[in-house]
>>> print(open('input-v9.tsv').read())   # TSV, C-alpha atoms
chain	number	residue	atom	x	y	z
A	1	MET	CA	-9.10	4.46	-15.79
A	2	ALA	CA	-12.63	5.59	-16.65
A	3	ALA	CA	-14.72	6.94	-13.76
A	4	SER	CA	-18.37	7.94	-13.77
A	5	PHE	CA	-21.66	7.35	-11.95
A	6	ILE	CA	-24.15	4.58	-12.51
A	7	GLU	CA	-27.63	4.05	-11.10
A	8	VAL	CA	-28.48	1.38	-8.54
A	9	VAL	CA	-32.04	0.18	-7.90
A	10	ALA	CA	-32.74	-0.12	-4.17
A	11	GLN	CA	-34.50	-3.13	-2.74
A	12	ASP	CA	-37.52	-0.99	-1.86
A	13	GLY	CA	-37.74	0.44	-5.39
A	14	GLY	CA	-35.88	3.73	-5.03
A	15	ARG	CA	-32.85	4.64	-7.12
A	16	PHE	CA	-29.49	6.06	-6.12
A	17	ASN	CA	-26.14	6.79	-7.72
A	18	ALA	CA	-22.83	5.04	-7.24
A	19	TYR	CA	-19.44	6.30	-8.34
A	20	VAL	CA	-17.69	3.69	-10.48
A	21	ALA	CA	-13.97	3.38	-11.16
A	22	ARG	CA	-12.78	0.81	-13.66
A	23	PRO	CA	-9.31	-0.75	-13.98
A	24	ALA	CA	-7.11	-0.04	-16.98
A	25	GLN	CA	-7.11	-3.77	-17.73
A	26	GLY	CA	-10.82	-3.49	-18.55
A	27	SER	CA	-12.13	-6.01	-16.05
A	28	GLY	CA	-11.47	-7.34	-12.57
A	29	PRO	CA	-12.99	-8.45	-9.26
A	30	GLY	CA	-15.55	-6.16	-7.66
A	31	LEU	CA	-15.11	-3.87	-4.67
A	32	VAL	CA	-17.73	-1.81	-2.87
A	33	LEU	CA	-16.16	1.19	-1.15
A	34	LEU	CA	-18.19	2.51	1.78
A	35	GLN	CA	-18.16	6.18	2.67
A	36	GLU	CA	-17.40	8.14	5.81
A	37	ILE	CA	-20.07	10.55	7.05
A	38	PHE	CA	-19.00	13.06	4.39
A	39	GLY	CA	-20.65	11.40	1.40
A	40	ILE	CA	-18.95	10.60	-1.89
A	41	ASN	CA	-16.37	13.36	-1.60
A	42	GLU	CA	-13.04	13.72	-3.38
A	43	THR	CA	-11.31	11.50	-0.81
A	44	MET	CA	-13.65	8.61	-1.55
A	45	LYS	CA	-13.34	9.11	-5.31
A	46	SER	CA	-9.56	9.19	-5.04
A	47	MET	CA	-9.54	6.00	-2.99
A	48	ALA	CA	-11.84	4.31	-5.51
A	49	ASP	CA	-9.49	5.31	-8.32
A	50	ARG	CA	-6.57	3.87	-6.38
A	51	PHE	CA	-8.27	0.51	-5.90
A	52	ALA	CA	-9.15	0.53	-9.60
A	53	GLU	CA	-5.44	0.98	-10.25
A	54	GLU	CA	-4.96	-2.21	-8.25
A	55	GLY	CA	-7.22	-4.04	-10.71
A	56	TYR	CA	-10.67	-3.78	-9.11
A	57	VAL	CA	-14.01	-2.60	-10.49
A	58	VAL	CA	-15.07	-0.23	-7.71
A	59	LEU	CA	-18.51	1.10	-6.78
A	60	VAL	CA	-19.00	3.80	-4.12
A	61	PRO	CA	-22.74	3.92	-3.34
A	62	ASP	CA	-24.39	7.18	-2.25
A	63	LEU	CA	-25.60	5.89	1.12
A	64	PHE	CA	-27.04	9.28	2.14
A	65	TRP	CA	-29.40	9.39	-0.83
A	66	ARG	CA	-32.45	8.87	1.36
A	67	ILE	CA	-31.51	12.04	3.27
A	68	LYS	CA	-30.17	14.11	0.38
A	69	PRO	CA	-28.71	12.74	-2.85
A	70	GLY	CA	-25.23	13.74	-3.93
A	71	ILE	CA	-23.77	14.86	-0.59
A	72	SER	CA	-20.06	15.66	-0.88
A	73	LEU	CA	-18.50	17.38	2.12
A	74	GLY	CA	-15.04	18.43	3.19
A	75	TYR	CA	-13.51	18.18	6.66
A	76	GLY	CA	-13.92	21.75	7.95
A	77	GLU	CA	-15.97	22.67	10.99
A	78	ALA	CA	-19.11	23.64	9.06
A	79	ASP	CA	-18.98	20.48	6.92
A	80	MET	CA	-18.43	18.35	10.02
A	81	LYS	CA	-21.53	19.87	11.65
A	82	GLN	CA	-23.56	19.18	8.51
A	83	ALA	CA	-22.25	15.60	8.28
A	84	LEU	CA	-23.18	14.89	11.91
A	85	ASP	CA	-26.65	16.29	11.29
A	86	HIS	CA	-27.09	13.93	8.34
A	87	LEU	CA	-25.89	11.07	10.52
A	88	GLU	CA	-28.73	11.76	12.97
A	89	HIS	CA	-31.19	10.89	10.20
A	90	PHE	CA	-29.26	7.90	8.86
A	91	ASN	CA	-30.88	4.45	8.89
A	92	VAL	CA	-28.22	1.76	9.25
A	93	ASP	CA	-30.50	-1.14	8.30
A	94	LEU	CA	-31.68	0.51	5.09
A	95	ALA	CA	-28.05	1.37	4.28
A	96	VAL	CA	-27.07	-2.30	4.53
A	97	ASP	CA	-29.94	-3.11	2.17
A	98	ASP	CA	-28.56	-0.47	-0.21
A	99	ILE	CA	-25.12	-2.07	0.04
A	100	ALA	CA	-26.66	-5.43	-0.86
A	101	ALA	CA	-28.30	-3.76	-3.88
A	102	THR	CA	-24.94	-2.23	-4.82
A	103	VAL	CA	-23.25	-5.63	-4.62
A	104	ALA	CA	-25.98	-7.14	-6.79
A	105	THR	CA	-25.56	-4.35	-9.35
A	106	LEU	CA	-21.80	-4.73	-9.32
A	107	ARG	CA	-22.11	-8.44	-10.06
A	108	THR	CA	-24.14	-7.64	-13.19
A	109	LEU	CA	-21.57	-5.27	-14.71
A	110	PRO	CA	-19.89	-6.81	-17.76
A	111	GLU	CA	-16.44	-5.67	-16.58
A	112	GLN	CA	-16.83	-7.28	-13.15
A	113	ALA	CA	-15.15	-10.69	-13.02
A	114	GLY	CA	-15.24	-13.07	-10.07
A	115	LYS	CA	-15.88	-12.20	-6.44
A	116	VAL	CA	-16.87	-8.99	-4.65
A	117	GLY	CA	-15.46	-7.44	-1.47
A	118	ALA	CA	-16.24	-4.38	0.66
A	119	VAL	CA	-13.97	-1.79	2.28
A	120	GLY	CA	-15.28	0.93	4.57
A	121	TYR	CA	-14.05	3.84	6.68
A	122	CYS	CA	-15.58	5.25	9.89
A	123	LEU	CA	-19.34	4.90	9.27
A	124	GLY	CA	-18.35	2.75	6.31
A	125	GLY	CA	-16.19	0.64	8.62
A	126	LYS	CA	-19.27	-0.32	10.61
A	127	LEU	CA	-21.23	-0.92	7.43
A	128	ALA	CA	-18.47	-3.14	6.02
A	129	PHE	CA	-18.80	-5.33	9.11
A	130	LEU	CA	-22.59	-5.48	8.75
A	131	ALA	CA	-22.25	-6.21	5.05
A	132	ALA	CA	-20.08	-9.20	5.94
A	133	ALA	CA	-22.73	-10.36	8.39
A	134	ARG	CA	-25.85	-9.71	6.32
A	135	THR	CA	-24.94	-9.76	2.61
A	136	ASP	CA	-23.13	-12.08	0.24
A	137	VAL	CA	-19.84	-10.16	-0.03
A	138	ASP	CA	-16.84	-12.48	-0.24
A	139	CYS	CA	-14.62	-10.46	2.13
A	140	ALA	CA	-14.65	-7.14	3.94
A	141	VAL	CA	-12.32	-4.60	5.55
A	142	SER	CA	-13.26	-2.20	8.34
A	143	TYR	CA	-11.23	0.93	9.08
A	144	TYR	CA	-11.98	2.44	12.53
A	145	GLY	CA	-15.64	1.47	12.40
A	146	VAL	CA	-17.79	3.56	14.76
A	147	GLY	CA	-20.37	1.88	16.99
A	148	LEU	CA	-19.29	-1.73	16.39
A	149	GLU	CA	-19.98	-2.53	20.06
A	150	SER	CA	-23.73	-2.21	19.40
A	151	TYR	CA	-23.65	-5.07	16.87
A	152	LEU	CA	-21.43	-7.69	18.51
A	153	ASP	CA	-24.27	-10.23	18.43
A	154	GLU	CA	-23.81	-10.26	14.63
A	155	VAL	CA	-20.16	-11.34	14.75
A	156	ARG	CA	-21.21	-15.00	14.61
A	157	ALA	CA	-23.02	-14.27	11.31
A	158	VAL	CA	-19.78	-13.25	9.57
A	159	ARG	CA	-18.78	-16.13	7.28
A	160	CYS	CA	-16.29	-14.42	5.00
A	161	PRO	CA	-12.69	-13.29	5.71
A	162	MET	CA	-12.44	-9.85	7.33
A	163	VAL	CA	-9.78	-7.38	8.43
A	164	PHE	CA	-10.31	-4.75	11.13
A	165	HIS	CA	-8.01	-1.74	11.55
A	166	PHE	CA	-8.21	-0.07	14.99
A	167	PRO	CA	-6.32	3.11	15.97
A	168	GLU	CA	-4.99	2.97	19.52
A	169	ASN	CA	-6.24	6.43	20.50
A	170	ASP	CA	-9.67	6.50	18.87
A	171	ALA	CA	-11.94	8.72	21.01
A	172	HIS	CA	-14.93	7.03	19.35
A	173	CYS	CA	-13.69	3.65	20.55
A	174	PRO	CA	-11.86	3.85	23.92
A	175	PRO	CA	-9.56	0.98	24.96
A	176	GLU	CA	-12.16	-0.83	27.09
A	177	THR	CA	-14.67	-0.74	24.23
A	178	ARG	CA	-12.06	-1.82	21.71
A	179	GLU	CA	-11.09	-4.77	23.89
A	180	ARG	CA	-14.74	-5.85	24.14
A	181	ILE	CA	-15.02	-5.69	20.35
A	182	SER	CA	-11.69	-7.46	19.91
A	183	ALA	CA	-12.70	-10.29	22.24
A	184	ALA	CA	-15.84	-10.90	20.20
A	185	LEU	CA	-13.91	-10.82	16.93
A	186	ARG	CA	-11.37	-13.33	18.25
A	187	THR	CA	-14.11	-15.95	18.29
A	188	CYS	CA	-14.01	-15.97	14.47
A	189	PRO	CA	-10.82	-17.49	13.02
A	190	GLN	CA	-11.41	-15.87	9.61
A	191	ILE	CA	-11.17	-12.38	11.13
A	192	GLU	CA	-7.86	-10.49	11.38
A	193	GLN	CA	-7.53	-7.40	13.56
A	194	TYR	CA	-4.75	-4.87	13.98
A	195	VAL	CA	-4.17	-1.97	16.37
A	196	TYR	CA	-2.09	1.02	15.21
A	197	LEU	CA	-0.16	2.47	18.14
A	198	GLY	CA	-0.28	6.21	18.65
A	199	CYS	CA	-2.90	6.68	15.93
A	200	ASP	CA	-6.23	8.46	16.13
A	201	HIS	CA	-9.54	7.99	14.39
A	202	ALA	CA	-9.32	8.71	10.62
A	203	PHE	CA	-5.58	7.95	10.55
A	204	ALA	CA	-5.95	6.74	6.92
A	205	ALA	CA	-7.57	9.95	5.61
A	206	PRO	CA	-4.84	12.03	3.88
A	207	SER	CA	-6.85	15.28	4.04
A	208	ARG	CA	-7.44	15.15	7.79
A	209	PRO	CA	-5.09	16.24	10.59
A	210	GLN	CA	-5.13	12.75	12.13
A	211	TYR	CA	-3.49	11.27	9.03
A	212	ASP	CA	-0.59	8.95	9.85
A	213	LYS	CA	1.27	7.91	6.71
A	214	PRO	CA	3.29	4.95	8.09
A	215	ALA	CA	0.19	3.41	9.68
A	216	THR	CA	-1.82	4.06	6.52
A	217	MET	CA	0.76	2.29	4.37
A	218	MET	CA	0.87	-0.70	6.71
A	219	ALA	CA	-2.91	-0.93	6.88
A	220	TYR	CA	-3.20	-0.64	3.11
A	221	SER	CA	-0.76	-3.50	2.56
A	222	ARG	CA	-2.67	-5.67	5.02
A	223	THR	CA	-5.93	-4.77	3.31
A	224	LEU	CA	-4.55	-5.55	-0.12
A	225	ALA	CA	-3.07	-8.86	1.06
A	226	MET	CA	-6.53	-10.06	2.11
A	227	LEU	CA	-8.21	-8.73	-1.04
A	228	ARG	CA	-5.64	-10.42	-3.27
A	229	LYS	CA	-6.00	-13.71	-1.38
A	230	VAL	CA	-9.79	-13.80	-1.56
A	231	LEU	CA	-10.66	-11.83	-4.69
A	232	GLY	CA	-7.50	-11.61	-6.74
A	233	PRO	CA	-6.33	-10.43	-9.18
A	234	VAL	CA	-2.95	-12.04	-8.59
A	235	TYR	CA	-0.12	-10.63	-10.70
A	236	ASP	CA	3.25	-12.22	-11.39
A	237	LEU	CA	5.28	-9.67	-9.46
A	238	ASN	CA	8.45	-11.69	-9.98
A	239	ALA	CA	8.13	-11.48	-13.77
A	240	LEU	CA	7.26	-7.77	-13.62
A	241	TRP	CA	10.34	-7.02	-11.49
A	242	GLU	CA	12.60	-9.17	-13.66
A	243	ALA	CA	11.48	-7.29	-16.78
A	244	HIS	CA	12.04	-3.93	-15.10
A	245	CYS	CA	15.57	-4.90	-14.02
A	246	TYR	CA	16.34	-6.33	-17.45
A	247	TYR	CA	15.64	-2.98	-19.08
A	248	GLU	CA	17.63	-1.18	-16.40
A	249	PHE	CA	20.78	-3.26	-16.34
A	250	ALA	CA	20.86	-5.51	-19.44
A	251	THR	CA	19.47	-3.47	-22.35
A	252	ARG	CA	19.80	-0.13	-20.50
A	253	ASP	CA	16.70	1.16	-22.24
A	254	VAL	CA	14.93	3.98	-20.39
A	255	GLU	CA	12.08	4.02	-22.91
A	256	ALA	CA	11.36	0.40	-22.02
A	257	VAL	CA	11.79	0.93	-18.26
A	258	MET	CA	9.14	3.62	-17.83
A	259	PRO	CA	6.14	1.60	-19.12
A	260	THR	CA	6.81	-0.99	-16.40
A	261	MET	CA	5.82	1.66	-13.83
A	262	VAL	CA	2.63	3.51	-12.90
A	263	ALA	CA	1.92	6.93	-14.36
A	264	GLN	CA	3.51	8.75	-11.41
A	265	PRO	CA	6.09	6.47	-9.78
A	266	TYR	CA	8.99	7.27	-7.52
A	267	VAL	CA	12.39	5.82	-6.61
A	268	ASN	CA	14.34	6.59	-3.43
A	269	HIS	CA	17.91	5.40	-2.90
A	270	VAL	CA	17.78	5.85	0.85
A	271	PRO	CA	21.49	6.34	1.79
A	272	THR	CA	22.11	9.01	-0.87
A	273	MET	CA	18.53	10.32	-1.26
A	274	THR	CA	18.87	10.06	-5.05
A	275	GLY	CA	16.05	9.08	-7.40
A	276	GLY	CA	12.98	10.90	-8.62
A	277	VAL	CA	9.30	11.54	-7.89
A	278	GLY	CA	6.85	11.56	-10.79
A	279	HIS	CA	7.20	10.30	-14.35
A	280	ASP	CA	9.18	13.18	-15.82
A	281	ASN	CA	11.60	13.58	-12.92
A	282	LEU	CA	12.22	9.87	-12.68
A	283	LYS	CA	12.72	9.46	-16.43
A	284	ARG	CA	15.24	12.31	-16.35
A	285	PHE	CA	17.04	10.68	-13.44
A	286	TYR	CA	17.12	7.28	-15.13
A	287	THR	CA	18.42	8.81	-18.36
A	288	HIS	CA	21.16	11.02	-16.96
A	289	HIS	CA	22.09	9.51	-13.59
A	290	PHE	CA	21.23	5.81	-13.39
A	291	VAL	CA	20.62	3.53	-16.38
A	292	ASN	CA	23.62	4.80	-18.33
A	293	SER	CA	25.79	5.55	-15.30
A	294	ASN	CA	26.57	2.01	-14.16
A	295	PRO	CA	30.04	0.62	-15.07
A	296	ALA	CA	30.31	-2.00	-17.81
A	297	ASP	CA	31.19	-4.76	-15.32
A	298	THR	CA	28.18	-4.12	-13.06
A	299	LYS	CA	26.86	-7.36	-11.62
A	300	LEU	CA	23.92	-8.15	-9.34
A	301	ILE	CA	24.27	-11.34	-7.31
A	302	PRO	CA	20.84	-12.45	-6.00
A	303	ILE	CA	20.68	-13.70	-2.41
A	304	SER	CA	16.97	-13.95	-1.63
A	305	ARG	CA	13.59	-12.72	-2.84
A	306	THR	CA	10.41	-12.43	-0.81
A	307	ILE	CA	7.17	-11.85	-2.71
A	308	GLY	CA	4.09	-10.47	-0.98
A	309	ALA	CA	0.69	-9.30	-2.12
A	310	ASP	CA	1.82	-5.85	-3.22
A	311	ARG	CA	5.61	-5.82	-2.97
A	312	ILE	CA	8.88	-7.65	-3.44
A	313	VAL	CA	11.85	-7.55	-1.07
A	314	ASP	CA	15.02	-8.34	-2.99
A	315	GLU	CA	18.33	-9.08	-1.26
A	316	PHE	CA	21.40	-8.98	-3.48
A	317	ILE	CA	25.04	-7.93	-3.79
A	318	PHE	CA	25.85	-5.06	-6.13
A	319	SER	CA	29.38	-5.24	-7.51
A	320	CYS	CA	31.41	-3.31	-10.08
A	321	THR	CA	34.60	-1.36	-10.67
A	322	HIS	CA	34.30	2.36	-10.00
A	323	SER	CA	35.44	3.22	-13.51
A	324	CYS	CA	32.98	6.05	-14.10
A	325	GLU	CA	30.92	8.42	-12.01
A	326	ILE	CA	28.00	6.56	-10.43
A	327	ASP	CA	25.76	9.48	-9.57
A	328	TRP	CA	23.08	7.57	-7.71
A	329	LEU	CA	25.52	5.57	-5.58
A	330	LEU	CA	28.50	7.90	-5.11
A	331	PRO	CA	27.21	11.34	-6.10
A	332	GLY	CA	29.96	13.87	-6.73
A	333	VAL	CA	32.76	11.30	-6.44
A	334	ALA	CA	35.20	11.01	-9.35
A	335	PRO	CA	36.06	7.47	-10.51
A	336	THR	CA	38.52	5.79	-8.13
A	337	GLY	CA	39.16	2.66	-10.19
A	338	LYS	CA	38.37	0.57	-7.10
A	339	TYR	CA	36.36	-2.67	-7.27
A	340	PHE	CA	33.65	-3.07	-4.63
A	341	GLU	CA	30.90	-5.40	-3.49
A	342	VAL	CA	28.00	-4.03	-1.43
A	343	PRO	CA	24.99	-5.88	0.01
A	344	MET	CA	21.75	-4.18	-1.04
A	345	LEU	CA	18.07	-4.47	-0.25
A	346	ALA	CA	15.30	-3.35	-2.59
A	347	VAL	CA	11.73	-2.97	-1.34
A	348	VAL	CA	9.59	-2.67	-4.46
A	349	CYS	CA	5.91	-1.74	-4.22
A	350	PHE	CA	3.42	-2.46	-7.00
A	351	ARG	CA	0.00	-1.11	-7.88
A	352	GLY	CA	-1.76	-3.68	-9.97
A	353	ASP	CA	0.64	-4.88	-12.66
A	354	LYS	CA	2.93	-1.82	-12.52
A	355	LEU	CA	5.74	-0.76	-10.22
A	356	TYR	CA	4.75	2.11	-7.95
A	357	ASN	CA	7.92	2.77	-5.97
A	358	GLU	CA	11.34	1.44	-5.03
A	359	HIS	CA	13.14	1.94	-1.72
A	360	ILE	CA	16.77	0.83	-2.09
A	361	TYR	CA	19.06	0.39	0.94
A	362	TRP	CA	22.77	-0.36	1.33
A	363	ASP	CA	25.66	0.21	3.74
A	364	GLN	CA	27.22	3.44	2.51
A	365	ALA	CA	30.05	3.19	5.04
A	366	SER	CA	31.15	-0.16	3.60
A	367	LEU	CA	31.11	1.34	0.11
A	368	LEU	CA	33.16	4.37	1.16
A	369	VAL	CA	35.73	2.10	2.82
A	370	GLN	CA	36.10	0.06	-0.37
A	371	VAL	CA	36.64	3.07	-2.65
A	372	GLY	CA	39.17	4.58	-0.24
A	373	LEU	CA	37.10	7.53	1.01
A	374	LEU	CA	36.72	6.31	4.59
A	375	ASN	CA	39.45	4.96	6.88
A	376	PRO	CA	37.86	2.13	8.88
A	377	GLU	CA	40.50	2.15	11.58
A	378	GLY	CA	38.88	2.74	14.94
A	379	LEU	CA	35.38	2.79	13.44
A	380	PRO	CA	32.71	0.05	13.69
A	381	VAL	CA	32.51	-0.35	9.91
A	382	ALA	CA	33.65	-3.03	7.48
A	383	GLY	CA	34.59	-3.07	3.82
A	384	ILE	CA	34.14	-5.88	1.32
A	385	GLU	CA	34.00	-8.32	4.24
A	386	SER	CA	30.31	-7.43	4.70
A	387	ALA	CA	29.44	-8.80	1.26
A	388	ARG	CA	31.73	-11.80	1.60
A	389	LYS	CA	30.16	-12.85	4.92
A	390	LEU	CA	26.68	-12.52	3.44
A	391	LEU	CA	27.68	-15.20	0.93
A	392	ASP	CA	29.56	-17.35	3.45
A	393	GLU	CA	28.16	-17.36	6.98
A	394	THR	CA	31.11	-19.49	8.22
A	395	LEU	CA	33.47	-16.53	7.92
A	396	PRO	CA	34.45	-15.06	11.31
A	397	SER	CA	31.89	-13.07	13.26
A	398	ASN	CA	32.46	-10.28	15.76
A	399	GLN	CA	35.70	-9.07	14.18
A	400	LEU	CA	34.76	-5.47	14.95
A	401	MET	CA	34.46	-6.53	18.58
A	402	GLY	CA	38.01	-7.79	18.64
A	403	GLY	CA	36.94	-11.29	17.62
A	404	LYS	CA	35.21	-11.87	20.96
A	405	SER	CA	31.67	-13.13	21.26
A	406	ARG	CA	29.35	-11.41	23.65
A	407	VAL	CA	27.81	-13.58	26.30
>>> encode(input="input-v9.tsv", output="structure tokens")
Amino acid sequence: MAASFIEVVAQDGGRFNAYVARPAQGSGPGLVLLQEIFGINETMKSMADRFAEEGYVVLVPDLFWRIKPGISLGYGEADMKQALDHLEHFNVDLAVDDIAATVATLRTLPEQAGKVGAVGYCLGGKLAFLAAARTDVDCAVSYYGVGLESYLDEVRAVRCPMVFHFPENDAHCPPETRERISAALRTCPQIEQYVYLGCDHAFAAPSRPQYDKPATMMAYSRTLAMLRKVLGPVYDLNALWEAHCYYEFATRDVEAVMPTMVAQPYVNHVPTMTGGVGHDNLKRFYTHHFVNSNPADTKLIPISRTIGADRIVDEFIFSCTHSCEIDWLLPGVAPTGKYFEVPMLAVVCFRGDKLYNEHIYWDQASLLVQVGLLNPEGLPVAGIESARKLLDETLPSNQLMGGKSRV
């Protein structure tokens, strides 16, 4: 991805810079990323690069240019004081005009294809809402927007789809204020809103102490789902996953597997904590402990597949004879010669048209029973019966309860 700055002409004749991040594919829908009160800092650039990885042409306008061009602050006490001082001199209405100018510039770029959306954080969260009300953006996302309650009369002007992310414990937006905002937003059917329990303001900022990774991941998926629906680009995740699995299990070609993934992917087999983080570690793991470590009779029986905006959830049965060491599945266990069938679940996340990560789950107790390493007597665990019942729901239930149904 190529990143740089371009110049935007303001509606009143001034000029300001905007950071631009372009997708590897060369073109894509447009996205205007709206800053916090810290200017176009490394966090905003990193987020722009990430959205470019998703296939968007991203512009981050310097909305503080009228105060001081090129502001880029960190999150320490001195920088916070400086950012708040800049905010005192910030003109919201002129900033929305500058966003409109940024959108217009974005639409003229040769690499921009199709519609344009806006995503904003904190101050940018408020501006994303106002952009949806006052400009021609095609959709918008607001993360913990500050001061939304002062603009509720503009909710009726929002015509495009929007998503709002509210932290439960945002000191800048106490519960009574959030409920007043939420009630106004509920009058617009095209607006989605979510509250993240236990989270504080700036929960999606990795460099700040309030960062909450689970909430950030959930909010990001919800954001991307709306962007994909309205703007695109829509990738054939099913075909991408099928190709990846083909190279893993059919041709067993690590050199073909790696290009199906992002530059720095990761895989986590949850029960055994095997896998790898980063290209080199993961390639080493695939080469020595996965792709060439599955028995010759390995078979994957598909049960269901759910495809979302940025991930696939695959339900299947993994079966084989334990005729060789299977490091990722039974690390440190010598071949037992036992045949087994284990239900598995793969949650596969994509960035753009590449795999980003895989979380693979299975019942390790069932596997250990089947290879003779765990005696199930007196324990609430099952062997191959778990897989068999997944395929045939008419098989008996509640056998571990003595065959009795609970009332």
>>> residues_around(input="input-v9.tsv", residues="region 345-357 of chain A", least_positions_apart="4", cutoff="6 Å", atoms="only C-alpha atoms", output="list in words")
Glu53, Glu54, Gly55, Thr260, Met261, Val262, Pro265, Tyr266, Val267, Asp310, Arg311, Ile312, Val313, Asp314, Glu315 and Tyr361 of chain A
>>> residues_around(input="input-v9.tsv", residues="Thr287 (chain A)", least_positions_apart="3", cutoff="10 Å", atoms="only C-alpha atoms", output="list in words")
Arg252, Asp253, Val254, Glu255, Asn281, Leu282, Lys283, Arg284, Phe290, Val291, Asn292 and Ser293 of chain A
>>> residues_around(input="input-v9.tsv", residues="Thr223 (chain A)", least_positions_apart="2", cutoff="10 Å", atoms="all atoms listed in the file", output="compact mmCIF listing (two decimals) with C-alpha atoms, keeping the file's coordinate frame")
# COMPACT_ATOMS: atom_id res chain seq x y z
CA VAL A 119 -13.97 -1.79 2.28
CA ALA A 140 -14.65 -7.14 3.94
CA VAL A 141 -12.32 -4.60 5.55
CA SER A 142 -13.26 -2.20 8.34
CA TYR A 143 -11.23 0.93 9.08
CA MET A 162 -12.44 -9.85 7.33
CA VAL A 163 -9.78 -7.38 8.43
CA PHE A 164 -10.31 -4.75 11.13
CA HIS A 165 -8.01 -1.74 11.55
CA MET A 217 0.76 2.29 4.37
CA MET A 218 0.87 -0.70 6.71
CA ALA A 219 -2.91 -0.93 6.88
CA TYR A 220 -3.20 -0.64 3.11
CA SER A 221 -0.76 -3.50 2.56
CA ALA A 225 -3.07 -8.86 1.06
CA MET A 226 -6.53 -10.06 2.11
CA LEU A 227 -8.21 -8.73 -1.04
CA ARG A 228 -5.64 -10.42 -3.27
CA ALA A 309 0.69 -9.30 -2.12
>>> residues_near_point(input="input-v9.tsv", point="(-33.5, -1.0, -7.2)", cutoff="10 Å", atoms="all atoms listed in the file", output="ChimeraX atom specification")
/A:7-16,98,101-102,104-105
>>> residues_near_point(input="input-v9.tsv", point="(29.8, 8.1, -17.1)", cutoff="10 Å", atoms="only C-alpha atoms", output="JSON, numbers by chain")
{"A": [288, 289, 290, 292, 293, 294, 295, 323, 324, 325, 326, 327, 334, 335]}
>>> atom_distance(input="input-v9.tsv", atom1="CA of Thr321 (chain A)", atom2="CA of Val342 (chain A)")
11.7 Å
>>> residues_around(input="input-v9.tsv", residues="Leu106 (chain A)", least_positions_apart="3", cutoff="10 Å", atoms="only C-alpha atoms", output="PDB file with C-alpha atoms, in the frame of the given file")
ATOM      1  CA  VAL A   8     -28.480   1.380  -8.540  1.00  0.00           C
ATOM      2  CA  VAL A  20     -17.690   3.690 -10.480  1.00  0.00           C
ATOM      3  CA  PRO A  29     -12.990  -8.450  -9.260  1.00  0.00           C
ATOM      4  CA  GLY A  30     -15.550  -6.160  -7.660  1.00  0.00           C
ATOM      5  CA  LEU A  31     -15.110  -3.870  -4.670  1.00  0.00           C
ATOM      6  CA  VAL A  32     -17.730  -1.810  -2.870  1.00  0.00           C
ATOM      7  CA  VAL A  57     -14.010  -2.600 -10.490  1.00  0.00           C
ATOM      8  CA  VAL A  58     -15.070  -0.230  -7.710  1.00  0.00           C
ATOM      9  CA  LEU A  59     -18.510   1.100  -6.780  1.00  0.00           C
ATOM     10  CA  ALA A 100     -26.660  -5.430  -0.860  1.00  0.00           C
ATOM     11  CA  ALA A 101     -28.300  -3.760  -3.880  1.00  0.00           C
ATOM     12  CA  THR A 102     -24.940  -2.230  -4.820  1.00  0.00           C
ATOM     13  CA  VAL A 103     -23.250  -5.630  -4.620  1.00  0.00           C
ATOM     14  CA  LEU A 109     -21.570  -5.270 -14.710  1.00  0.00           C
ATOM     15  CA  PRO A 110     -19.890  -6.810 -17.760  1.00  0.00           C
ATOM     16  CA  GLU A 111     -16.440  -5.670 -16.580  1.00  0.00           C
ATOM     17  CA  GLN A 112     -16.830  -7.280 -13.150  1.00  0.00           C
ATOM     18  CA  ALA A 113     -15.150 -10.690 -13.020  1.00  0.00           C
ATOM     19  CA  LYS A 115     -15.880 -12.200  -6.440  1.00  0.00           C
ATOM     20  CA  VAL A 116     -16.870  -8.990  -4.650  1.00  0.00           C
TER      21      VAL A 116
END
>>> atom_distance(input="input-v9.tsv", atom1="CA of Phe64 (chain A)", atom2="CA of Glu36 (chain A)")
10.4 Å
>>> atom_distance(input="input-v9.tsv", atom1="CA of Leu34 (chain A)", atom2="CA of Thr187 (chain A)")
25.1 Å
>>> closest_residue(input="input-v9.tsv", among="A:Ala202, A:Val96, A:Leu87, A:Ala239", to="Asn169 (chain A)", atoms="all atoms listed in the file")
A:Ala202
>>> closest_residue(input="input-v9.tsv", among="A:Arg186, A:Lys389, A:Lys68, A:Arg134", to="Cys160 (chain A)", atoms="only C-alpha atoms")
A:Arg134
>>> closest_residue(input="input-v9.tsv", among="A:Ala83, A:Ala131, A:Cys122, A:Ala184", to="Arg156 (chain A)", atoms="only C-alpha atoms")
A:Ala184
>>> closest_residue(input="input-v9.tsv", among="A:Phe5, A:Pro396, A:Pro376, A:Ile384", to="Lys338 (chain A)", atoms="all atoms listed in the file")
A:Ile384
>>> closest_residue(input="input-v9.tsv", among="A:Thr216, A:Thr272, A:Thr298, A:Gln370", to="Glu248 (chain A)", atoms="all atoms listed in the file")
A:Thr298
>>> closest_residue(input="input-v9.tsv", among="A:Arg159, A:His322, A:His269, A:Lys45", to="Met344 (chain A)", atoms="only C-alpha atoms")
A:His269
